[in-house]
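To be precise, the following lines are entry-v7.cif, and they hold mmCIF, C-alpha atoms and all ligand atoms.
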```
data_final
loop_
_atom_site.label_atom_id
_atom_site.label_comp_id
_atom_site.auth_asym_id
_atom_site.auth_seq_id
_atom_site.Cartn_x
_atom_site.Cartn_y
_atom_site.Cartn_z
CA MET H 17 0.00 0.00 0.00
CA ASN H 18 1.33 3.44 -0.98
CA LEU H 19 1.52 5.41 2.26
CA ASN H 20 3.61 8.20 0.78
CA LYS H 21 1.95 11.04 -1.03
CA ILE H 22 2.04 10.70 -4.80
CA PRO H 23 3.98 13.57 -6.35
CA ALA H 24 2.27 15.51 -9.12
CA THR H 25 4.13 17.80 -11.51
CA VAL H 26 2.10 20.66 -12.96
CA VAL H 27 3.42 21.77 -16.36
CA THR H 28 2.11 25.16 -17.38
CA GLY H 29 3.03 27.78 -20.00
CA PHE H 30 1.50 29.73 -22.88
CA LEU H 31 0.09 28.12 -26.05
CA GLY H 32 2.82 26.35 -27.99
CA SER H 33 5.56 26.91 -25.41
CA GLY H 34 6.50 23.21 -25.48
CA LYS H 35 4.49 21.52 -22.70
CA THR H 36 3.35 18.47 -24.67
CA THR H 37 6.85 18.01 -26.08
CA LEU H 38 8.21 17.96 -22.54
CA LEU H 39 5.58 15.46 -21.38
CA ALA H 40 6.27 13.22 -24.38
CA SER H 41 10.00 13.27 -23.56
CA LEU H 42 9.31 12.46 -19.91
CA LEU H 43 7.07 9.55 -20.89
CA ARG H 44 9.63 8.19 -23.33
CA GLN H 45 12.75 8.65 -21.27
CA VAL H 46 11.97 8.38 -17.58
CA THR H 47 12.18 4.69 -16.86
CA GLY H 48 10.90 2.76 -13.86
CA LYS H 49 8.04 5.09 -12.94
CA ARG H 50 4.35 4.39 -13.47
CA ILE H 51 3.11 7.74 -14.66
CA ALA H 52 -0.50 8.91 -14.92
CA VAL H 53 -1.10 11.88 -17.20
CA ILE H 54 -3.81 14.54 -17.08
CA VAL H 55 -4.02 16.76 -20.14
CA ASN H 56 -6.16 19.88 -20.33
CA GLU H 57 -6.87 21.61 -23.64
CA PHE H 58 -8.47 24.96 -24.40
CA GLY H 59 -10.00 23.83 -27.71
CA GLU H 60 -12.85 21.35 -27.68
CA GLN H 61 -10.79 18.80 -29.63
CA ASP H 62 -8.02 17.15 -27.62
CA ILE H 63 -4.94 16.92 -29.84
CA ASP H 64 -2.31 16.70 -27.08
CA SER H 65 -3.51 13.45 -25.54
CA SER H 66 -3.57 11.87 -28.99
CA LEU H 67 0.05 12.96 -29.50
CA LEU H 68 1.02 11.62 -26.08
CA ARG H 69 -0.73 8.32 -26.74
CA GLY H 70 1.22 8.10 -29.97
CA CYS H 71 4.38 8.53 -27.92
CA ALA H 72 3.41 5.90 -25.40
CA LEU H 73 2.51 3.46 -28.16
CA SER H 74 5.81 3.93 -29.93
CA CYS H 75 7.58 3.38 -26.59
CA GLU H 76 5.77 0.09 -26.25
CA GLU H 77 7.24 -0.99 -29.51
CA GLY H 78 10.77 0.24 -28.96
CA CYS H 79 11.50 0.79 -25.26
CA GLU H 80 11.58 -1.15 -22.03
CA GLU H 81 8.08 -2.02 -20.92
CA ASP H 82 8.30 -0.05 -17.68
CA ALA H 83 9.27 3.10 -19.60
CA THR H 84 5.72 3.64 -20.78
CA ALA H 85 2.91 5.61 -19.24
CA MET H 86 0.72 3.60 -16.93
CA GLU H 87 -1.70 1.45 -18.93
CA THR H 88 -0.93 3.56 -21.98
CA GLU H 89 -4.53 4.25 -23.08
CA SER H 90 -6.30 4.61 -19.75
CA GLY H 91 -3.33 6.29 -18.04
CA ILE H 92 -4.04 9.48 -19.99
CA PHE H 93 -6.98 11.57 -18.87
CA GLU H 94 -8.26 14.30 -21.12
CA LEU H 95 -9.90 17.39 -19.68
CA ALA H 96 -11.17 19.12 -22.77
CA ASN H 97 -14.11 21.12 -21.44
CA GLY H 98 -12.40 24.43 -20.87
CA CYS H 99 -9.38 25.66 -18.99
CA ILE H 100 -8.57 23.56 -15.94
CA CYS H 101 -8.49 26.66 -13.72
CA CYS H 102 -12.25 27.11 -14.24
CA THR H 103 -13.26 23.45 -14.10
CA VAL H 104 -11.27 22.24 -11.10
CA GLU H 105 -14.25 20.94 -9.21
CA GLU H 106 -16.24 19.44 -12.10
CA GLU H 107 -13.39 18.01 -14.15
CA PHE H 108 -10.17 17.73 -12.21
CA LEU H 109 -11.46 16.46 -8.87
CA PRO H 110 -13.31 13.41 -10.29
CA VAL H 111 -10.18 12.38 -12.21
CA MET H 112 -8.04 12.80 -9.10
CA LYS H 113 -10.50 10.67 -7.10
CA LYS H 114 -10.15 7.92 -9.71
CA LEU H 115 -6.38 8.14 -9.55
CA MET H 116 -6.35 8.16 -5.75
CA ALA H 117 -8.43 4.95 -5.76
CA ARG H 118 -5.65 3.36 -7.83
CA ARG H 119 -2.79 4.97 -5.95
CA ASP H 120 -0.85 1.71 -5.48
CA ASP H 121 -0.35 1.58 -9.26
CA ILE H 122 0.87 5.15 -9.64
CA ASP H 123 4.31 6.59 -8.87
CA HIS H 124 3.86 10.06 -10.35
CA ILE H 125 1.20 12.25 -11.93
CA LEU H 126 1.99 14.65 -14.77
CA ILE H 127 -0.52 17.42 -15.41
CA GLU H 128 -0.40 19.63 -18.50
CA THR H 129 -2.58 22.70 -18.15
CA SER H 130 -4.01 24.42 -21.19
CA GLY H 131 -1.83 27.24 -22.51
CA LEU H 132 -4.38 29.78 -21.26
CA ALA H 133 -4.87 28.37 -17.76
CA LEU H 134 -3.75 29.92 -14.50
CA PRO H 135 -1.96 27.32 -12.38
CA LYS H 136 -2.97 28.76 -9.01
CA PRO H 137 -6.60 27.49 -8.78
CA LEU H 138 -5.47 24.04 -9.85
CA VAL H 139 -2.72 23.85 -7.26
CA GLN H 140 -5.07 25.16 -4.58
CA ALA H 141 -7.21 22.08 -5.22
CA PHE H 142 -4.37 19.97 -3.82
CA ASN H 143 -5.30 21.41 -0.42
CA TRP H 144 -8.78 19.90 -0.59
CA PRO H 145 -8.84 17.08 2.00
CA GLU H 146 -9.57 14.24 -0.45
CA VAL H 147 -6.58 15.23 -2.62
CA ARG H 148 -4.21 16.44 0.09
CA GLN H 149 -4.38 13.14 1.94
CA HIS H 150 -2.73 11.21 -0.89
CA CYS H 151 -1.07 13.66 -3.23
CA THR H 152 1.35 16.60 -3.20
CA VAL H 153 2.52 18.98 -5.93
CA ASP H 154 6.14 18.08 -6.61
CA ALA H 155 6.60 21.28 -8.60
CA ILE H 156 4.96 23.81 -10.87
CA ILE H 157 7.11 23.94 -13.99
CA THR H 158 6.45 26.98 -16.18
CA LEU H 159 7.59 26.76 -19.78
CA ILE H 160 8.19 29.89 -21.78
CA ASP H 161 8.96 30.17 -25.48
CA GLY H 162 12.46 31.74 -25.53
CA PRO H 163 12.36 33.37 -28.99
CA ALA H 164 8.83 34.70 -28.42
CA VAL H 165 9.68 36.28 -25.09
CA ALA H 166 12.93 37.67 -26.53
CA ALA H 167 10.89 39.29 -29.28
CA GLY H 168 8.73 40.96 -26.63
CA ARG H 169 5.70 38.86 -27.39
CA TYR H 170 4.10 36.00 -25.56
CA ALA H 171 3.45 33.81 -28.54
CA SER H 172 6.13 32.81 -30.99
CA ASP H 173 5.23 35.18 -33.77
CA VAL H 174 2.48 37.74 -33.85
CA GLY H 175 0.03 37.76 -36.71
CA LYS H 176 -0.49 40.78 -38.92
CA VAL H 177 -3.31 42.26 -36.87
CA GLU H 178 -1.27 42.17 -33.69
CA ALA H 179 1.84 43.47 -35.48
CA GLN H 180 -0.10 46.54 -36.60
CA ARG H 181 -1.24 47.08 -33.05
CA LEU H 182 2.32 46.77 -31.76
CA ALA H 183 3.53 49.25 -34.36
CA ASP H 184 1.25 51.82 -32.77
CA ASP H 185 3.29 53.31 -29.92
CA SER H 186 0.17 54.28 -28.06
CA LEU H 187 -0.66 50.64 -27.51
CA ASP H 188 1.38 48.40 -25.30
CA HIS H 189 1.55 44.67 -25.97
CA ASP H 190 -1.64 42.76 -25.40
CA PRO H 191 -2.20 43.12 -21.64
CA SER H 192 -4.11 39.84 -21.38
CA LEU H 193 -1.07 37.97 -22.73
CA ARG H 194 1.34 39.87 -20.52
CA GLU H 195 -0.74 39.21 -17.42
CA LEU H 196 -1.08 35.56 -18.30
CA LEU H 197 2.69 35.24 -18.63
CA ASP H 198 3.15 37.04 -15.29
CA ASP H 199 0.62 34.80 -13.55
CA GLN H 200 2.07 31.59 -14.99
CA LEU H 201 5.57 32.70 -13.96
CA SER H 202 4.58 33.91 -10.51
CA ALA H 203 3.54 30.37 -9.53
CA ALA H 204 6.68 28.67 -10.89
CA ASP H 205 8.99 26.49 -8.80
CA LEU H 206 11.12 26.03 -11.92
CA VAL H 207 11.17 28.00 -15.17
CA LEU H 208 12.11 26.25 -18.40
CA VAL H 209 12.94 28.46 -21.36
CA SER H 210 12.29 26.32 -24.44
CA LYS H 211 13.34 26.63 -28.09
CA THR H 212 16.82 27.85 -27.22
CA ASP H 213 17.91 26.31 -30.54
CA LEU H 214 15.96 29.19 -32.12
CA LEU H 215 17.21 31.82 -29.66
CA GLU H 216 20.01 34.17 -30.67
CA PRO H 217 22.70 34.27 -27.94
CA ALA H 218 22.20 38.03 -27.59
CA ASP H 219 18.50 37.49 -26.87
CA ARG H 220 19.16 35.08 -24.05
CA LYS H 221 20.04 37.97 -21.79
CA ARG H 222 16.70 39.67 -22.48
CA VAL H 223 14.86 36.54 -21.53
CA GLU H 224 16.95 36.13 -18.36
CA GLU H 225 16.18 39.71 -17.36
CA LEU H 226 12.47 39.36 -18.00
CA VAL H 227 12.25 36.16 -15.97
CA ALA H 228 14.36 37.63 -13.17
CA GLN H 229 11.91 40.55 -12.87
CA ARG H 230 9.03 38.12 -12.36
CA VAL H 231 10.34 35.26 -10.25
CA PRO H 232 12.33 35.27 -7.00
CA ALA H 233 16.04 34.46 -7.19
CA SER H 234 15.39 31.14 -5.44
CA VAL H 235 13.47 29.91 -8.50
CA LYS H 236 15.86 28.31 -10.96
CA THR H 237 15.67 28.96 -14.71
CA LEU H 238 16.92 26.37 -17.19
CA PHE H 239 17.32 26.97 -20.91
CA ILE H 240 16.38 23.87 -22.89
CA ASP H 241 16.46 22.82 -26.51
CA GLN H 242 13.66 20.31 -26.91
CA SER H 243 14.44 19.84 -30.60
CA LEU H 244 17.15 17.52 -29.28
CA TYR H 245 14.60 15.48 -27.37
CA ILE H 246 12.41 15.36 -30.48
CA ASN H 247 15.03 14.58 -33.13
CA GLN H 248 17.81 12.69 -31.40
CA PRO H 249 16.92 11.58 -27.87
CA ARG H 250 20.14 10.84 -25.97
CA ALA H 251 20.65 8.68 -22.93
CA SER H 252 22.10 11.71 -21.10
CA ASP H 253 18.73 13.48 -21.37
CA SER H 254 17.08 10.90 -19.13
CA ALA H 255 18.87 12.00 -15.96
CA GLN H 256 18.11 15.66 -16.69
CA LEU H 257 14.46 14.87 -17.37
CA GLU H 258 14.13 12.59 -14.36
CA ALA H 259 15.42 15.42 -12.14
CA LEU H 260 12.38 17.46 -13.21
CA MET H 261 10.19 14.87 -11.50
CA GLY H 262 11.80 14.96 -8.06
CA ILE H 263 11.85 18.61 -7.02
CA GLY H 264 9.84 18.10 -3.82
CA ALA H 265 8.50 21.66 -3.62
CA ALA H 266 5.11 20.80 -2.02
CA SER H 267 3.82 23.83 -3.92
CA GLU H 268 0.29 23.55 -2.52
CA GLU H 269 1.58 24.65 0.89
CA SER H 270 2.59 28.10 -0.32
CA ILE H 271 0.20 28.60 -3.25
CA ASP H 272 -2.20 30.88 -1.36
CA ARG H 273 0.60 33.41 -0.90
CA ILE H 274 1.21 33.76 -4.65
CA ASP H 275 0.15 37.20 -5.78
CA ASN H 276 -1.22 37.48 -9.30
CA HIS H 277 -3.07 39.85 -11.63
CA HIS H 278 -6.16 37.71 -11.72
CA ASP H 279 -6.65 37.78 -7.93
CA ARG H 280 -5.96 41.50 -7.85
CA HIS H 281 -8.62 42.23 -10.49
CA HIS H 282 -11.01 40.06 -8.54
CA ALA H 283 -10.26 41.85 -5.27
CA GLU H 284 -10.82 45.19 -7.00
CA GLY H 285 -14.30 43.96 -7.91
CA ALA H 286 -13.55 43.63 -11.61
CA HIS H 287 -15.63 41.20 -13.63
CA HIS H 288 -14.37 37.68 -12.92
CA ASP H 289 -12.69 36.83 -16.17
CA HIS H 290 -9.54 35.09 -17.26
CA ALA H 291 -7.11 35.78 -20.05
CA HIS H 292 -8.73 32.94 -21.95
CA ASP H 293 -12.00 34.83 -22.10
CA HIS H 294 -10.32 36.95 -24.76
CA PHE H 295 -9.48 34.00 -27.01
CA ASP H 296 -11.51 32.00 -29.53
CA SER H 297 -10.96 28.51 -30.74
CA CYS H 298 -12.43 26.59 -33.63
CA VAL H 299 -12.10 23.07 -34.94
CA ILE H 300 -11.79 22.44 -38.67
CA ARG H 301 -12.81 18.94 -39.76
CA LEU H 302 -12.06 17.81 -43.30
CA GLY H 303 -11.56 14.57 -45.19
CA GLU H 304 -8.30 13.76 -46.98
CA VAL H 305 -6.35 16.81 -48.08
CA ASP H 306 -3.55 17.81 -50.43
CA GLY H 307 -0.77 18.24 -47.84
CA ASP H 308 1.11 21.00 -49.69
CA LEU H 309 -2.04 22.94 -50.42
CA LEU H 310 -3.19 22.69 -46.82
CA ALA H 311 0.20 23.96 -45.58
CA ASP H 312 0.06 26.81 -48.08
CA ARG H 313 -3.49 27.84 -47.12
CA LEU H 314 -2.74 27.58 -43.42
CA GLN H 315 0.42 29.68 -43.78
CA GLN H 316 -1.63 32.39 -45.49
CA LEU H 317 -4.14 32.34 -42.64
CA LEU H 318 -1.36 32.53 -40.02
CA GLU H 319 0.00 35.62 -41.73
CA ARG H 320 -3.39 37.23 -42.16
CA TYR H 321 -5.25 36.53 -38.92
CA GLU H 322 -4.38 36.75 -35.25
CA ILE H 323 -3.79 33.05 -34.78
CA TYR H 324 -1.62 32.02 -31.84
CA ARG H 325 -1.81 28.29 -32.24
CA ALA H 326 -2.95 25.70 -34.77
CA LYS H 327 -2.46 21.99 -34.33
CA GLY H 328 -3.92 18.73 -35.46
CA PHE H 329 -3.61 15.91 -37.94
CA ALA H 330 -3.95 15.66 -41.70
CA ALA H 331 -4.91 12.63 -43.79
CA ILE H 332 -2.96 12.69 -47.06
CA PRO H 333 -4.14 10.39 -49.88
CA GLY H 334 -1.84 7.42 -50.45
CA LYS H 335 0.14 8.04 -47.22
CA PRO H 336 -0.14 5.26 -44.65
CA MET H 337 0.84 7.63 -41.80
CA ARG H 338 -1.03 10.59 -40.32
CA ARG H 339 0.63 13.99 -40.61
CA VAL H 340 0.91 16.15 -37.50
CA ILE H 341 0.42 19.87 -38.17
CA GLN H 342 1.95 22.31 -35.68
CA ALA H 343 1.84 26.08 -35.90
CA VAL H 344 2.97 28.50 -33.20
CA GLY H 345 2.55 32.10 -34.27
CA GLU H 346 3.52 32.15 -37.96
CA ARG H 347 5.91 29.18 -37.77
CA LEU H 348 4.39 26.09 -39.34
CA ASP H 349 5.80 22.55 -38.99
CA GLY H 350 4.61 19.14 -40.04
CA TYR H 351 5.73 15.55 -39.68
CA PHE H 352 4.31 12.04 -39.94
CA ASP H 353 3.91 10.52 -36.48
CA ARG H 354 2.22 7.14 -36.80
CA LEU H 355 0.38 4.77 -39.08
CA TRP H 356 -3.37 5.23 -39.36
CA GLY H 357 -5.01 2.48 -37.34
CA GLN H 358 -6.98 -0.28 -38.99
CA GLY H 359 -10.53 0.97 -39.38
CA GLU H 360 -9.54 4.44 -38.09
CA PRO H 361 -11.28 7.07 -40.24
CA ARG H 362 -8.73 9.00 -42.34
CA ARG H 363 -9.81 12.48 -41.34
CA THR H 364 -8.13 15.85 -41.11
CA GLN H 365 -8.72 17.79 -37.87
CA LEU H 366 -7.22 21.08 -36.88
CA VAL H 367 -7.72 23.19 -33.76
CA ILE H 368 -7.10 26.90 -34.27
CA ILE H 369 -6.78 29.30 -31.32
CA GLY H 370 -6.54 33.06 -31.67
CA LYS H 371 -8.42 36.29 -31.37
CA ALA H 372 -11.54 37.39 -33.23
CA LEU H 373 -11.49 34.28 -35.40
CA ASP H 374 -13.96 33.96 -38.24
CA SER H 375 -14.41 30.20 -38.22
CA GLU H 376 -16.39 30.16 -41.46
CA ALA H 377 -13.66 32.02 -43.32
CA LEU H 378 -10.98 29.72 -41.85
CA HIS H 379 -12.98 26.65 -42.79
CA ALA H 380 -13.59 27.89 -46.34
CA ALA H 381 -9.89 28.63 -46.87
CA LEU H 382 -8.73 25.24 -45.61
CA ALA H 383 -11.53 23.28 -47.28
CA SER H 384 -10.03 24.32 -50.62
CA ALA H 385 -7.25 21.81 -49.86
CA GLU H 386 -9.71 18.95 -49.43
CA ILE H 387 -9.60 16.15 -52.00
CA GLU H 388 -12.98 15.52 -53.59
CA ALA H 389 -14.18 12.03 -52.72
CA THR H 390 -14.69 10.00 -55.91
CA ALA H 391 -17.45 7.62 -55.01
N1 LIG F 1 12.78 24.12 -32.28
C1 LIG F 1 12.12 23.78 -31.16
N2 LIG F 1 10.81 23.48 -31.26
C2 LIG F 1 10.18 23.16 -30.12
C3 LIG F 1 10.80 23.12 -28.86
N3 LIG F 1 9.87 22.78 -27.93
C4 LIG F 1 8.71 22.61 -28.61
N4 LIG F 1 8.89 22.83 -29.92
C5 LIG F 1 7.88 22.80 -30.99
O1 LIG F 1 6.90 23.81 -30.68
C6 LIG F 1 5.60 23.37 -31.11
C7 LIG F 1 4.65 23.43 -29.93
O2 LIG F 1 5.11 22.49 -28.94
P1 LIG F 1 4.10 21.78 -27.93
O3 LIG F 1 4.92 20.91 -27.06
O4 LIG F 1 2.96 21.17 -28.65
O5 LIG F 1 3.58 23.07 -27.13
P2 LIG F 1 2.42 23.11 -26.04
O6 LIG F 1 2.88 24.07 -25.02
O7 LIG F 1 2.08 21.75 -25.57
O8 LIG F 1 1.22 23.70 -26.89
P3 LIG F 1 -0.33 23.85 -26.41
O9 LIG F 1 -0.70 22.55 -25.73
O10 LIG F 1 -1.08 24.07 -27.67
O11 LIG F 1 -0.37 25.00 -25.48
C8 LIG F 1 5.78 21.96 -31.67
O12 LIG F 1 5.90 22.07 -33.08
C9 LIG F 1 7.10 21.50 -31.06
O13 LIG F 1 7.78 20.55 -31.87
C10 LIG F 1 12.20 23.46 -28.79
O14 LIG F 1 12.85 23.48 -27.73
N5 LIG F 1 12.80 23.76 -29.98
#
```

Could you render the structure as structure tokens?
Amino acid sequence: MNLNKIPATVVTGFLGSGKTTLLASLLRQVTGKRIAVIVNEFGEQDIDSSLLRGCALSCEEGCEEDATAMETESGIFELANGCICCTVEEEFLPVMKKLMARRDDIDHILIETSGLALPKPLVQAFNWPEVRQHCTVDAIITLIDGPAVAAGRYASDVGKVEAQRLADDSLDHDPSLRELLDDQLSAADLVLVSKTDLLEPADRKRVEELVAQRVPASVKTLFIDQSLYINQPRASDSAQLEALMGIGAASEESIDRIDNHHDRHHAEGAHHDHAHDHFDSCVIRLGEVDGDLLADRLQQLLERYEIYRAKGFAAIPGKPMRRVIQAVGERLDGYFDRLWGQGEPRRTQLVIIGKALDSEALHAALASAEIEATA
């Protein structure tokens, strides 16, 4: 019987900062731990858990058995009904109760918040008696996108609309994004600056300064290049990654003392809203698509509209594997991740998150890449 509290790591950070990539690396490389995963998405379609399942499945084929997430399929819980900070009681607590009932089979819990969530309300839930009895927050790890922060923005690249706004000196950067970054950083026990492979050495200092203004000196900042984890995982990464899962901060004990913009607005009697109230998301569902045309159309949309994040899967005719589509700001990437399953419908699905999105216009633009079914 597990008498010790199960440690839970909360991974937070803005849209596209690299949270799922970190979780996938932890699942692949940290051996000897039975890990349960809770993934929370802002969009109604859960792409991240599908990517993580893909990772766990490929581990099953190629890695030691105990290197995989617990029970692969059922070890990943999706919370896709809104940001976790607003659905703690309805969504998070029932999942935690399920996990606590199976606590002898779990060594660690990894929680990925949505990119728009505030970590504080989630971590406060670890002080509820039914959770506190069996579980503690090992650490709140806040990921930030190095090149985006260095560029003075809180997404990797701003779209045209935002760029025009930024060009106007009378307007500061989007305050909702700035406050979200502040609030995610203010809760951090550890800050990870990702995408350092894309960060100019001169910009590193800017990022260091910005983080130092927002977190106490006792909070460590690590600069990481996750493209290494993605492209050429090395044995030496395992120790570094494993260290992220043994910080022992017991963050729930001090979480009430964390000061943040959201609480301040609330105390001032402002309407109870979150940064995510200012964002829209839409899901585009298509059949098989011309991969090049889809990439071309999506790139045009990224440049034209205020899109912070687009992600999903494309079904390309004649290709046995599904293509992952990833866009952060205006940077678009794609790769094939796994074979389509037997009987799995070959569908294209994309989640797009941004501001003032016109979902009909987005759908019409992307539907032009769809291949007509010849019945
Ligand atoms: N070059 C580079 N790319 C990275 C790095 N970390 C993440 N990425 C890429 O950035 C994109 C977004 O990464 P994710 O891990 O999905 O980001 P996320 O924070 O989970 O995104 P959301 O769940 O949508 O908020 C993907 O295309 C990743 O491959 C990094 O260190 N270097």

Would you mind listing the residues within 7 Å of ligand LIG 1 (chain F), counting only C-alpha atoms and all ligand atoms, as a JSON list (two decimals) with C-alpha atoms, in the coordinates of the input?
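What landed in part-v8.json:
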```json
[["chain", "number", "residue", "atom", "x", "y", "z"],
["H", 29, "GLY", "CA", 3.03, 27.78, -20.00],
["H", 30, "PHE", "CA", 1.50, 29.73, -22.88],
["H", 31, "LEU", "CA", 0.09, 28.12, -26.05],
["H", 32, "GLY", "CA", 2.82, 26.35, -27.99],
["H", 33, "SER", "CA", 5.56, 26.91, -25.41],
["H", 34, "GLY", "CA", 6.50, 23.21, -25.48],
["H", 35, "LYS", "CA", 4.49, 21.52, -22.70],
["H", 36, "THR", "CA", 3.35, 18.47, -24.67],
["H", 37, "THR", "CA", 6.85, 18.01, -26.08],
["H", 38, "LEU", "CA", 8.21, 17.96, -22.54],
["H", 57, "GLU", "CA", -6.87, 21.61, -23.64],
["H", 64, "ASP", "CA", -2.31, 16.70, -27.08],
["H", 130, "SER", "CA", -4.01, 24.42, -21.19],
["H", 131, "GLY", "CA", -1.83, 27.24, -22.51],
["H", 210, "SER", "CA", 12.29, 26.32, -24.44],
["H", 211, "LYS", "CA", 13.34, 26.63, -28.09],
["H", 212, "THR", "CA", 16.82, 27.85, -27.22],
["H", 213, "ASP", "CA", 17.91, 26.31, -30.54],
["H", 214, "LEU", "CA", 15.96, 29.19, -32.12],
["H", 240, "ILE", "CA", 16.38, 23.87, -22.89],
["H", 241, "ASP", "CA", 16.46, 22.82, -26.51],
["H", 242, "GLN", "CA", 13.66, 20.31, -26.91],
["H", 243, "SER", "CA", 14.44, 19.84, -30.60],
["H", 325, "ARG", "CA", -1.81, 28.29, -32.24],
["H", 342, "GLN", "CA", 1.95, 22.31, -35.68],
["H", 343, "ALA", "CA", 1.84, 26.08, -35.90],
["H", 344, "VAL", "CA", 2.97, 28.50, -33.20],
["H", 349, "ASP", "CA", 5.80, 22.55, -38.99]]
```

Legend entry - Shell of 10 Å around Gln61 in chain H, only C-alpha atoms, local chain residues under 5 positions omitted, as a PyMOL selection string: chain H and resi 94+96-97+297-300+328+365-367

Inset, instruction - For Ala233 in chain H, list every protein, DNA or RNA residue within 12 Å, evaluated using only C-alpha atoms, and leave out those in the same chain fewer than 4 positions away; present the list as an NGL selection string. - result: :H and (202 or 204-207 or 224-225 or 227-229 or 237)

Inset, instruction - Just the residues within 9 Å of Leu309 in chain H, please, counting only C-alpha atoms, with nothing from its chain fewer than 2 positions along; format it as a PyMOL selection string. - result: chain H and resi 305-307+311-314+382+384-386

Inset, instruction - Determine, counting only C-alpha atoms, which protein, DNA and RNA residues have an atom within 7 Å of an atom of range 264-269 of chain H; residues of the same chain fewer than 5 positions away are not included. Present the result as an MDAnalysis selection string. - result: chainID H and resid 139:140 142:143 152:155

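The smallest atom-to-atom distance between Leu260 in chain H and any of H:Ile274, H:Glu319, H:Ile387, H:Thr158, using all atoms listed in the file, is found for H:Thr158.
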
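If all atoms listed in the file are the atoms counted, then among H:Val104, H:Asn56, H:Leu373, H:Pro336 the closest residue to Leu318 in chain H is H:Leu373.
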
Inset, instruction - Pick out the closest residue to Arg339 in chain H from this set: H:Ile54, H:Leu159, H:Leu208, H:Leu67. Count all atoms listed in the file. - result: H:Leu67

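Going from CA of Lys327 in chain H to CA of Ile125 in chain H covers 24.7 Å.
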
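Here CA of Arg119 in chain H is placed at a distance of 24.0 Å from CA of Lys136 in chain H.
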
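Pairwise distance (CA of Pro137 in chain H, CA of Asp272 in chain H) equals 9.3 Å.
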
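With distances taken over all atoms listed in the file, H:Gln200 is the one residue among H:Ser254, H:Gln200, H:Thr25, H:Ser66 lying closest to Pro135 in chain H.
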
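Of the listed residues H:Ile92, H:Pro232, H:Ile271, H:Ala377, the one whose atoms come nearest to Arg69 in chain H is H:Ile92, with distances taken using all atoms listed in the file.
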
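Environment of (15.5, 6.9, -18.9): residues at most 7 Å away, judged by only C-alpha atoms, are Gln45, Val46, Thr47, Ala251, Ser254 and Ala255 of chain H.
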